[in-house]
file run_4.txt (compact mmCIF, C-alpha atoms)
# COMPACT_ATOMS: atom_id res chain seq x y z
CA MET A 1 75.37 -88.29 126.61
CA GLY A 2 77.70 -87.48 129.49
CA PHE A 3 81.26 -88.72 129.74
CA ALA A 4 80.32 -91.14 132.52
CA LYS A 5 77.92 -92.93 130.18
CA THR A 6 80.50 -92.96 127.42
CA THR A 7 83.02 -94.55 129.77
CA ALA A 8 80.41 -97.07 130.86
CA SER A 9 79.87 -98.11 127.24
CA TRP A 10 83.58 -98.77 126.89
CA ILE A 11 83.53 -100.87 130.07
CA SER A 12 80.76 -103.04 128.63
CA VAL A 13 82.71 -103.52 125.41
CA LEU A 14 85.82 -104.54 127.33
CA GLY A 15 83.91 -106.88 129.60
CA GLY A 16 84.22 -104.70 132.68
CA ASN A 17 87.97 -105.24 132.86
CA SER A 18 89.66 -103.10 135.53
CA LYS A 19 92.24 -102.09 132.90
CA VAL A 20 89.72 -99.52 131.71
CA ALA A 21 90.84 -97.34 134.61
CA LYS A 22 94.30 -97.30 133.09
CA LEU A 23 93.29 -96.08 129.64
CA ASP A 24 95.97 -93.68 128.52
CA GLU A 25 95.25 -90.02 127.88
CA ASP A 26 95.07 -90.44 124.10
CA VAL A 27 92.28 -93.01 124.34
CA VAL A 28 90.31 -90.90 126.79
CA ASP A 29 90.74 -87.90 124.51
CA THR A 30 89.48 -89.94 121.57
CA VAL A 31 86.36 -91.03 123.45
CA ASP A 32 85.59 -87.46 124.48
CA ALA A 33 86.25 -86.14 120.99
CA MET A 34 83.89 -88.76 119.54
CA GLU A 35 81.20 -87.74 121.98
CA GLN A 36 81.54 -84.04 121.22
CA GLY A 37 81.70 -84.73 117.50
CA ILE A 38 78.40 -86.59 117.61
CA MET A 39 76.77 -83.80 119.59
CA ARG A 40 77.98 -81.19 117.13
CA ALA A 41 77.08 -83.14 113.99
CA LEU A 42 73.98 -81.12 113.22
CA ALA A 43 75.87 -77.81 113.25
CA ARG A 44 78.14 -79.15 110.51
CA ASP A 45 75.23 -79.34 108.05
CA GLU A 46 73.87 -75.94 108.98
CA ILE A 47 77.10 -74.07 108.32
CA GLN A 48 77.50 -75.41 104.78
CA PRO A 49 76.89 -72.64 102.20
CA GLU A 50 73.94 -72.93 99.86
CA LYS A 51 74.88 -74.30 96.46
CA ALA A 52 75.40 -71.75 93.71
CA GLU A 53 72.73 -73.34 91.50
CA ALA A 54 70.18 -73.71 94.31
CA ARG A 55 67.03 -71.61 94.48
CA LYS A 56 66.69 -68.89 97.08
CA ARG A 57 65.62 -70.36 100.43
CA LYS A 58 62.46 -68.84 101.90
CA MET A 59 62.00 -69.40 105.62
CA ARG A 60 60.11 -67.83 108.52
CA VAL A 61 61.19 -66.53 111.93
CA GLU A 62 58.79 -66.29 114.87
CA ARG A 63 59.58 -64.05 117.82
CA SER A 64 58.29 -64.47 121.39
CA GLU A 65 56.36 -61.63 123.02
CA ASP A 66 59.27 -60.81 125.34
CA ARG A 67 61.62 -60.84 122.30
CA LEU A 68 64.02 -63.21 124.03
CA GLN A 69 63.36 -66.24 121.86
CA TYR A 70 63.43 -66.64 118.07
CA VAL A 71 62.48 -69.82 116.19
CA LEU A 72 63.41 -70.49 112.56
CA TYR A 73 61.06 -72.59 110.42
CA ASP A 74 62.03 -73.98 107.02
CA GLU A 75 59.90 -74.12 103.87
CA ASN A 76 58.02 -77.16 105.26
CA GLN A 77 57.18 -75.32 108.49
CA LYS A 78 59.63 -77.51 110.38
CA LYS A 79 61.57 -76.02 113.28
CA VAL A 80 65.24 -75.74 112.39
CA LEU A 81 66.95 -73.44 114.89
CA GLU A 82 66.01 -71.69 118.11
CA ALA A 83 67.78 -68.62 119.49
CA ARG A 84 67.73 -67.60 123.14
CA VAL A 85 68.81 -64.08 124.10
CA THR A 86 70.80 -63.36 127.27
CA GLU A 87 72.42 -60.17 128.54
CA GLN A 88 75.82 -61.40 127.39
CA ASP A 89 75.09 -63.11 124.07
CA ILE A 90 72.65 -65.05 121.92
CA LYS A 91 72.78 -68.83 121.94
CA VAL A 92 71.42 -70.74 118.96
CA PHE A 93 70.25 -74.33 119.41
CA ALA A 94 69.21 -77.12 117.10
CA SER A 95 65.44 -77.49 117.11
CA GLY A 96 62.84 -80.04 116.05
CA ALA A 97 61.57 -83.31 117.45
CA ASP A 98 64.18 -85.43 115.66
CA VAL A 99 67.20 -83.63 117.11
CA LYS A 100 69.49 -86.08 118.89
CA VAL A 101 71.88 -83.64 120.55
CA SER A 102 71.96 -82.20 124.04
CA ALA A 103 69.34 -79.50 124.56
CA ASP A 104 71.93 -77.55 126.54
CA LEU A 105 74.59 -77.53 123.82
CA PRO A 106 74.35 -74.46 121.53
CA ALA A 107 75.14 -75.06 117.88
CA MET A 108 76.21 -71.42 117.56
CA THR A 109 76.87 -68.41 119.77
CA ILE A 110 76.49 -64.74 118.78
CA THR A 111 78.53 -62.29 120.85
CA HIS A 112 78.63 -58.49 120.78
CA ASP A 113 80.44 -55.54 122.31
CA LYS A 114 78.96 -53.27 124.97
CA GLU A 115 77.46 -50.90 122.39
CA LYS A 116 76.02 -53.83 120.37
CA LYS A 117 77.67 -52.50 117.22
CA ASN A 118 80.26 -55.22 116.60
CA TRP A 119 79.14 -58.82 116.47
CA LYS A 120 80.78 -62.21 115.99
CA VAL A 121 79.07 -65.46 115.03
CA ALA A 122 80.83 -68.68 116.05
CA SER A 123 79.94 -72.35 115.56
CA SER A 124 80.55 -75.09 118.10
CA TYR A 125 81.53 -77.30 115.16
CA CYS A 126 84.84 -76.71 113.38
CA GLU A 127 86.03 -78.71 110.37
CA ASN A 128 89.64 -78.09 111.36
CA CYS A 129 89.09 -79.45 114.88
CA THR A 130 86.79 -82.36 114.05
CA TYR A 131 89.09 -85.05 115.41
CA ARG A 132 90.69 -83.05 118.20
CA ASN A 133 89.87 -83.40 121.84
CA PRO A 134 87.63 -80.42 122.84
CA PHE A 135 90.29 -79.20 125.26
CA HIS A 136 92.77 -78.99 122.37
CA SER A 137 90.36 -77.50 119.84
CA CYS A 138 89.17 -74.00 119.03
CA ARG A 139 86.14 -74.56 121.22
CA LYS A 140 87.76 -72.82 124.18
CA HIS A 141 88.50 -69.86 121.86
CA GLY A 142 84.84 -69.47 120.90
CA GLY A 143 84.74 -71.97 118.04
CA GLN A 144 84.91 -71.59 114.27
CA THR A 145 84.01 -68.07 113.17
CA LEU A 146 81.14 -67.80 110.68
CA ALA A 147 80.77 -64.03 110.37
CA TYR A 148 81.80 -60.59 111.63
CA VAL A 149 79.02 -57.99 111.64
CA ARG A 150 79.38 -54.23 112.12
CA HIS A 151 76.40 -51.92 112.62
CA ALA A 152 76.25 -48.19 111.88
CA ARG A 153 73.80 -45.30 111.70
CA GLU A 154 73.99 -43.14 108.59
CA GLU A 155 72.34 -39.83 107.71
CA ILE A 156 70.29 -40.32 104.56
CA GLY A 157 68.28 -37.32 103.44
CA GLU A 158 66.46 -36.09 106.50
CA GLY A 159 66.46 -39.50 108.15
CA ILE A 160 68.83 -41.92 109.89
CA GLY A 161 69.42 -45.27 108.25
CA LEU A 162 70.41 -48.39 110.19
CA CYS A 163 73.05 -50.25 108.18
CA MET A 164 75.45 -53.15 108.48
CA ASP A 165 78.61 -54.47 106.88
CA VAL A 166 79.37 -58.17 107.11
CA ASP A 167 82.49 -60.25 106.51
CA VAL A 168 82.11 -64.00 105.89
CA PRO A 169 84.51 -66.75 104.82
CA THR A 170 84.99 -66.97 101.05
CA VAL A 171 83.32 -69.88 99.25
CA GLY A 172 85.57 -71.55 96.69
CA GLU A 173 84.74 -72.89 93.23
CA ASP A 174 84.22 -76.31 94.83
CA GLY A 175 81.35 -74.88 96.89
CA GLN A 176 83.20 -75.24 100.17
CA SER A 177 83.67 -72.36 102.56
CA ASP A 178 87.05 -71.32 103.95
CA ILE A 179 87.51 -72.31 107.59
CA TRP A 180 88.02 -69.45 110.02
CA CYS A 181 89.51 -71.39 112.91
CA PRO A 182 91.20 -69.45 115.74
CA LEU A 183 93.93 -72.09 115.79
CA ILE A 184 94.90 -71.32 112.17
CA ASN A 185 96.90 -68.10 112.18
CA GLY A 186 95.55 -65.61 109.63
CA SER A 187 92.72 -67.90 108.49
CA ASP A 188 90.31 -64.95 108.32
CA ASN A 189 92.57 -62.68 106.26
CA VAL A 190 90.71 -63.57 103.05
CA ARG A 191 87.02 -62.75 103.25
CA THR A 192 83.89 -61.93 101.29
CA GLU A 193 82.50 -58.49 102.09
CA LEU A 194 78.76 -57.90 102.19
CA SER A 195 76.88 -54.66 102.82
CA SER A 196 73.26 -53.82 103.52
CA LEU A 197 71.30 -51.95 100.87
CA ARG A 198 70.88 -48.33 101.96
CA PRO A 199 67.33 -46.94 101.96
CA LYS A 200 66.43 -43.84 99.97
CA TRP A 201 64.84 -40.66 101.26
CA SER A 202 61.39 -39.93 99.81
CA GLU A 203 60.56 -36.24 99.66
CA LYS A 204 56.94 -37.15 99.00
CA LEU A 205 56.59 -39.39 102.04
CA LYS A 206 59.21 -37.61 104.13
CA ALA A 207 60.58 -41.00 105.13
CA LEU A 208 63.24 -43.54 104.27
CA CYS A 209 62.01 -46.14 101.79
CA MET A 210 63.22 -49.43 100.35
CA ASP A 211 61.73 -51.79 97.77
CA PHE A 212 61.50 -55.36 99.10
CA LYS A 213 59.70 -56.63 95.98
CA GLY A 214 56.74 -57.96 97.95
CA SER A 215 58.70 -60.06 100.46
CA VAL A 216 58.16 -57.67 103.38
CA GLU A 217 54.65 -56.67 104.41
CA ALA A 218 55.05 -54.42 107.47
CA ALA A 219 57.25 -51.51 108.47
CA SER A 220 60.04 -52.31 110.94
CA ALA A 221 63.41 -50.84 111.82
CA LYS A 222 64.74 -54.39 111.51
CA ASN A 223 63.89 -54.82 107.83
CA PHE A 224 67.04 -55.03 105.70
CA GLN A 225 68.62 -56.47 102.55
CA LEU A 226 72.21 -57.71 102.57
CA CYS A 227 74.01 -57.50 99.24
CA LEU A 228 77.01 -59.07 97.53
CA ASP A 229 78.04 -56.31 95.15
CA SER A 230 74.61 -55.15 93.89
CA LYS A 231 72.72 -58.42 94.40
CA ALA A 232 70.55 -58.95 97.48
CA ILE A 233 71.45 -62.39 98.87
CA LEU A 234 69.68 -62.01 102.22
CA VAL A 235 66.30 -60.41 102.87
CA TYR A 236 64.88 -60.13 106.37
CA GLY A 237 61.64 -58.32 107.07
CA LYS A 238 58.42 -58.21 109.02
CA LYS A 239 55.20 -59.85 107.84
CA LYS A 240 51.64 -58.76 108.62
CA ASP A 241 51.23 -61.49 111.24
CA GLY A 242 54.28 -60.26 113.21
CA SER A 243 56.65 -62.99 112.04
CA PHE A 244 59.68 -62.27 109.83
CA CYS A 245 60.59 -63.61 106.40
CA LEU A 246 64.13 -64.89 105.93
CA GLU A 247 65.22 -65.32 102.31
CA PHE A 248 68.81 -66.17 101.42
CA GLU A 249 71.06 -67.84 98.87
CA ASN A 250 74.67 -68.65 98.00
CA PRO A 251 77.24 -67.88 99.34
CA LEU A 252 75.46 -67.78 102.70
CA SER A 253 74.58 -70.79 104.79
CA LEU A 254 71.40 -71.30 106.79
CA ALA A 255 73.33 -70.60 109.99
CA GLN A 256 74.84 -67.37 108.68
CA ALA A 257 71.53 -66.05 107.33
CA PHE A 258 69.69 -66.63 110.60
CA THR A 259 72.41 -65.36 112.94
CA ILE A 260 73.23 -62.25 110.88
CA SER A 261 69.53 -61.35 110.87
CA LEU A 262 69.32 -61.75 114.64
CA THR A 263 71.90 -59.02 115.15
CA THR A 264 69.22 -56.47 114.19
CA MET A 265 67.11 -57.28 117.27
CA TYR A 266 68.21 -54.05 118.99
CA TRP A 267 67.57 -51.80 116.00
CA ASN A 268 64.84 -49.25 116.69
call {"tool": "encode", "arguments": {"input": "run_4.txt", "output": "structure tokens"}}
result
Amino acid sequence: MGFAKTTASWISVLGGNSKVAKLDEDVVDTVDAMEQGIMRALARDEIQPEKAEARKRKMRVERSEDRLQYVLYDENQKKVLEARVTEQDIKVFASGADVKVSADLPAMTITHDKEKKNWKVASSYCENCTYRNPFHSCRKHGGQTLAYVRHAREEIGEGIGLCMDVDVPTVGEDGQSDIWCPLINGSDNVRTELSSLRPKWSEKLKALCMDFKGSVEAASAKNFQLCLDSKAILVYGKKKDGSFCLEFENPLSLAQAFTISLTTMYWN
């Protein structure tokens, strides 16, 4: 819904009165903020962390042949999110037939540096800026930050392991995640640190190995497990049919699990 249509709806409510043209800036800001809030509503649900008592989510990711599009399916084989890769970033959109938001409005954006080693995940929805006009919100600063991801290559035995360290907002005892909003100074000072499980060198196989406990069926440089302390809370790995499994649990959200996994697309 464009702003022109929003304005038109207000004209109909006010009986087409010419005074509409004289709406003060605050009213116009409110209308625009309402519009953007509606369009971002879906992202709000996706960035909520999984509940501590909830079972591990088990989803599936399908990749296009040109590796420029990734689609996430939930446990009911319903499309949830779709990622589109560009030279500059990765844009993640709401998917599914029942989505009522603009097809051109990304729910999240994943950016990276030139070397593709440092990544940032940001959401177009921000709890802190819910009722602000978009021009006065963190949207122009990239949006609410969901995660920082750092990639590295480590020598392990006679091989080279691809690893990552991830920082995400801390989830409180109430189950709510801290808000990393660029407009809140120092909001990301407190964080939860995650690290990928390092593979082990097998002298017998002369290769790096990792136990995925049956979740992963095919070898891939992109297979990884992300751990909180010693517990794997995110598993991403290739299946025999070429798709990828995505398993995750608290304190991660659906959005964080999917976007963090996508940062491995250049691992080889």
call {"tool": "atom_distance", "arguments": {"input": "run_4.txt", "atom1": "atom CA of Ser187 of chain A", "atom2": "atom CA of Ser253 of chain A"}}
result
18.7 Å
call {"tool": "closest_residue", "arguments": {"input": "run_4.txt", "among": "A:Cys181, A:Cys126, A:Leu226, A:Leu246", "to": "Leu72 of chain A", "atoms": "all atoms listed in the file"}}
result
A:Leu246
call {"tool": "residues_around", "arguments": {"input": "run_4.txt", "residues": "Lys79 of chain A", "least_positions_apart": "4", "cutoff": "10 Å", "atoms": "only C-alpha atoms", "output": "number ranges by chain"}}
result
A: 60-61, 71-75, 94-97
call {"tool": "closest_residue", "arguments": {"input": "run_4.txt", "among": "A:Pro251, A:Pro182, A:Pro134, A:Gly161", "to": "Lys222 of chain A", "atoms": "all atoms listed in the file"}}
result
A:Gly161
call {"tool": "closest_residue", "arguments": {"input": "run_4.txt", "among": "A:Gln256, A:Gly186, A:Val166, A:Asp174", "to": "Leu228 of chain A", "atoms": "only C-alpha atoms"}}
result
A:Val166
call {"tool": "closest_residue", "arguments": {"input": "run_4.txt", "among": "A:Glu87, A:Glu53, A:Glu46, A:Glu158", "to": "His112 of chain A", "atoms": "all atoms listed in the file"}}
result
A:Glu87
call {"tool": "closest_residue", "arguments": {"input": "run_4.txt", "among": "A:Arg84, A:His141, A:Lys213, A:Lys78", "to": "Gly237 of chain A", "atoms": "only C-alpha atoms"}}
result
A:Lys213
call {"tool": "atom_distance", "arguments": {"input": "run_4.txt", "atom1": "atom CA of Leu197 of chain A", "atom2": "atom CA of Phe244 of chain A"}}
result
17.9 Å
call {"tool": "atom_distance", "arguments": {"input": "run_4.txt", "atom1": "atom CA of Ile47 of chain A", "atom2": "atom CA of Thr109 of chain A"}}
result
12.8 Å
call {"tool": "closest_residue", "arguments": {"input": "run_4.txt", "among": "A:Ser137, A:Thr145, A:Ser215, A:Asn223", "to": "Trp119 of chain A", "atoms": "all atoms listed in the file"}}
result
A:Thr145
call {"tool": "residues_around", "arguments": {"input": "run_4.txt", "residues": "Lys200 of chain A", "least_positions_apart": "6", "cutoff": "10 Å", "atoms": "only C-alpha atoms", "output": "PDB file with C-alpha atoms, keeping the file's coordinate frame"}}
result
ATOM      1  CA  ILE A 156      70.290 -40.320 104.560  1.00  0.00           C
ATOM      2  CA  GLY A 157      68.280 -37.320 103.440  1.00  0.00           C
ATOM      3  CA  GLY A 159      66.460 -39.500 108.150  1.00  0.00           C
ATOM      4  CA  GLY A 161      69.420 -45.270 108.250  1.00  0.00           C
ATOM      5  CA  ALA A 207      60.580 -41.000 105.130  1.00  0.00           C
ATOM      6  CA  LEU A 208      63.240 -43.540 104.270  1.00  0.00           C
ATOM      7  CA  CYS A 209      62.010 -46.140 101.790  1.00  0.00           C
ATOM      8  CA  MET A 210      63.220 -49.430 100.350  1.00  0.00           C
ATOM      9  CA  ASP A 211      61.730 -51.790  97.770  1.00  0.00           C
TER      10      ASP A 211
END
call {"tool": "residues_near_point", "arguments": {"input": "run_4.txt", "point": "(79.6, -59.7, 101.6)", "cutoff": "7 Å", "atoms": "all atoms listed in the file", "output": "PyMOL selection string"}}
result
chain A and resi 166-168+192-195+227-228
call {"tool": "axis_aligned_box", "arguments": {"input": "run_4.txt", "around": "segment 238-253 of chain A", "padding_each_side": "8 Å", "output": "lines of an AutoDock Vina configuration file"}}
result
center_x = 64.2
center_y = -64.5
center_z = 105.6
size_x = 42.0
size_y = 28.6
size_z = 31.2
